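S.K.: I am attaching a structure below and will ask some questions about it afterwards.
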Amino acid sequence: MVEVSIKSWAGRYGESVDDFDLDRDATLPGVTEGEIVVIRSNRRKKNVSAYRAGGRIVVSIPARMSKADERALVPEMVAKIRAQEAAVTMSELALAERIGELLQELAPEIRIRPADVAWRAMRERWGSCTSVDRTIRISDRLKGAPEFAIDYVLFHEAIHLEYSDHGPEFKELLARFTKAELASAYLDGYEAAETALAVPEALKKLLNNRD
Ligand SMILES: [Zn+2]
């Protein structure tokens with residue numbers, strides 16, 4: 001299960017913030033800083049679980065687990081999550097094809113096609129388009145995201161092949177994407193979860209304001 005919505009995130013943490021010790025130093029080789037969050041839970045006796053929350057992989061382990069066991073287990077859990085995600089990740093070729101379909105269907109007047117479409121580790125943006133060489137980059141945070149959210153970002157970047165700014169022509173075209181509101185809500189929720197996990201203060205505030 002890849003969980004990214006703010007609801008499932010809050011459900012996991014909803015009981016008491018004090019039960020958790022956010023180990024923010026937990027990183028692995030080849031992993032973006034802060035991508036892995038290890039949570040030691042007093043409530044948890046034996047079980048280990050791992051799931052996606054925002055751009056991070058959260059691994060929840062029992063509070064008493066030894067550091068040695070943690071070091072052995074965390075990479076295993078991370079590999080498991082990645083394997084699940086790889087199974088549902090679109091190939092870069094499929095991304096390019098999808099852009100072609102979206103343009104054909106929603107904006108046939110745009111004849112330009114990207115020369116290259118690729119996944120990139122991007123934390124600040126969902127996608128980018130360089131119109132000079134017609135390259136489109138899609139944030140790897142969207143791997144495993146629902147189709148409508150990926151489509152929305154792909155279509156947005158595809159319009160940039162023709163219009164570099166977000167002017168009236170751009171907006172008129174983007175408005176043809178009917179699930180824009182749903183997609184925005186998904187992306188905003190994802191970012192909220194990410195921000196909350198990155199900053200424990202924000203997390204506490206969010207939980208306190210929940211009821
Ligand atoms: Zn844009």
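Chain identifiers are assigned as A, B, and so on, following the order in which chains appear in the structure tokens; residues are numbered from 1 within each chain, and ligands are numbered from 1 in order of appearance.
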Ligand 1: which residues are within 9 Å, counting only C-alpha atoms and all ligand atoms, as a list in words?
M.R.: Gly127, Ser128, Cys129, Val153, His156, Glu157, Ile159, His160, Ser164, Asp165, His166 and Phe170 of chain A
S.K.: Next, the residues of the selection above should be written as a CSV table (one decimal), in the first residue's frame with C-alpha atoms.
M.R.:
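Result written to again30.csv:
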chain,number,residue,atom,x,y,z
A,127,GLY,CA,7.3,19.1,-13.1
A,128,SER,CA,9.3,21.3,-15.4
A,129,CYS,CA,9.5,22.0,-19.1
A,153,VAL,CA,1.1,17.5,-14.2
A,156,HIS,CA,0.5,21.3,-17.5
A,157,GLU,CA,4.1,20.8,-18.6
A,159,ILE,CA,1.3,23.2,-22.6
A,160,HIS,CA,4.5,24.8,-21.6
A,164,SER,CA,6.2,29.4,-21.4
A,165,ASP,CA,4.2,31.5,-18.9
A,166,HIS,CA,0.9,31.0,-17.1
A,170,PHE,CA,-2.1,28.8,-21.0
S.K.: May I have a table of the residues of segment 49-93 of chain A lying at most 12 Å from segment 183-195 of chain A, giving each one's closest pair of atoms and their distance in Å to one decimal, counting only C-alpha atoms, ordered by chain and ascending residue number, as CSV?
M.R.:
residue,atom,partner,partner_atom,distance
A:Arg52,CA,A:Glu194,CA,9.9
A:Ala53,CA,A:Ala193,CA,6.3
A:Gly54,CA,A:Glu194,CA,4.3
A:Gly55,CA,A:Glu194,CA,6.0
A:Arg56,CA,A:Glu194,CA,7.0
A:Ile57,CA,A:Glu194,CA,10.3
A:Val58,CA,A:Glu194,CA,10.9
S.K.: Could you name the residues that touch segment 136-147 of chain A at 7 Å or less, counting only C-alpha atoms, but leaving out those on the same chain fewer than 6 positions away, as an mmCIF file with C-alpha atoms, in the first residue's frame?
M.R.:
data_model
loop_
_atom_site.group_PDB
_atom_site.id
_atom_site.type_symbol
_atom_site.label_atom_id
_atom_site.label_comp_id
_atom_site.auth_asym_id
_atom_site.auth_seq_id
_atom_site.Cartn_x
_atom_site.Cartn_y
_atom_site.Cartn_z
ATOM 1 C CA GLY A 55 7.856 12.237 -0.407
ATOM 2 C CA GLU A 85 6.286 1.387 -6.271
ATOM 3 C CA VAL A 88 3.164 0.652 -10.499
ATOM 4 C CA THR A 89 5.559 3.267 -11.904
ATOM 5 C CA PRO A 114 8.573 16.717 -26.152
ATOM 6 C CA ASP A 116 12.592 13.828 -23.931
ATOM 7 C CA VAL A 117 10.478 13.042 -20.868
ATOM 8 C CA ALA A 118 12.125 11.768 -17.678
ATOM 9 C CA TRP A 119 11.548 11.254 -13.987
ATOM 10 C CA ARG A 120 13.672 13.463 -11.744
ATOM 11 C CA ALA A 121 14.142 13.819 -8.006
ATOM 12 C CA MET A 122 12.409 17.164 -7.483
ATOM 13 C CA ARG A 125 8.200 21.265 -8.077
ATOM 14 C CA TRP A 126 5.947 18.657 -9.645
ATOM 15 C CA GLY A 127 7.341 19.071 -13.097
ATOM 16 C CA SER A 128 9.348 21.299 -15.385
ATOM 17 C CA CYS A 129 9.517 22.031 -19.070
ATOM 18 C CA THR A 130 12.449 23.498 -20.972
ATOM 19 C CA GLU A 157 4.107 20.772 -18.621
#
S.K.: What residues in segment 16-201 of chain A get the DSSP label strand (DSSP E)? Please answer as a VMD selection string.
M.R.: chain A and resid 20 to 23 36 to 41 49 to 53 56 to 62 116 to 120 127 to 130 135 to 139
S.K.: Which residue out of A:Val37, A:Val59, A:Val74, A:Ala107 has the minimum interatomic distance to Leu174 of chain A when only C-alpha atoms are used?
M.R.: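 Of all the options, A:Ala107 lies closest to Leu174 of chain A.
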S.K.: Any idea what the distance is between atom CA of Leu106 of chain A and atom CA of Val132 of chain A?
M.R.: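 Calculated distance between atom CA of Leu106 of chain A and atom CA of Val132 of chain A is 22.9 Å.
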S.K.: If you run DSSP on this backbone, which residues of segment 79-199 of chain A come out as alpha helix (DSSP H), and could you give them as an NGL selection string?
M.R.: :A and (79-88 or 92-106 or 147-159 or 168-174 or 180-198)
S.K.: With distances taken over only C-alpha atoms, which of A:Thr135, A:Leu73, A:Lys171, A:Ile112 is nearest to Glu92 of chain A?
M.R.: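 Nearest to Glu92 of chain A: A:Thr135.
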S.K.: Find the residue from A:Ala115, A:Val48, A:Met77, A:Leu182 that sits nearest to Gly100 of chain A; use only C-alpha atoms when measuring.
M.R.: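 Ranking A:Ala115, A:Val48, A:Met77, A:Leu182 by distance to Gly100 of chain A, first place goes to A:Ala115.
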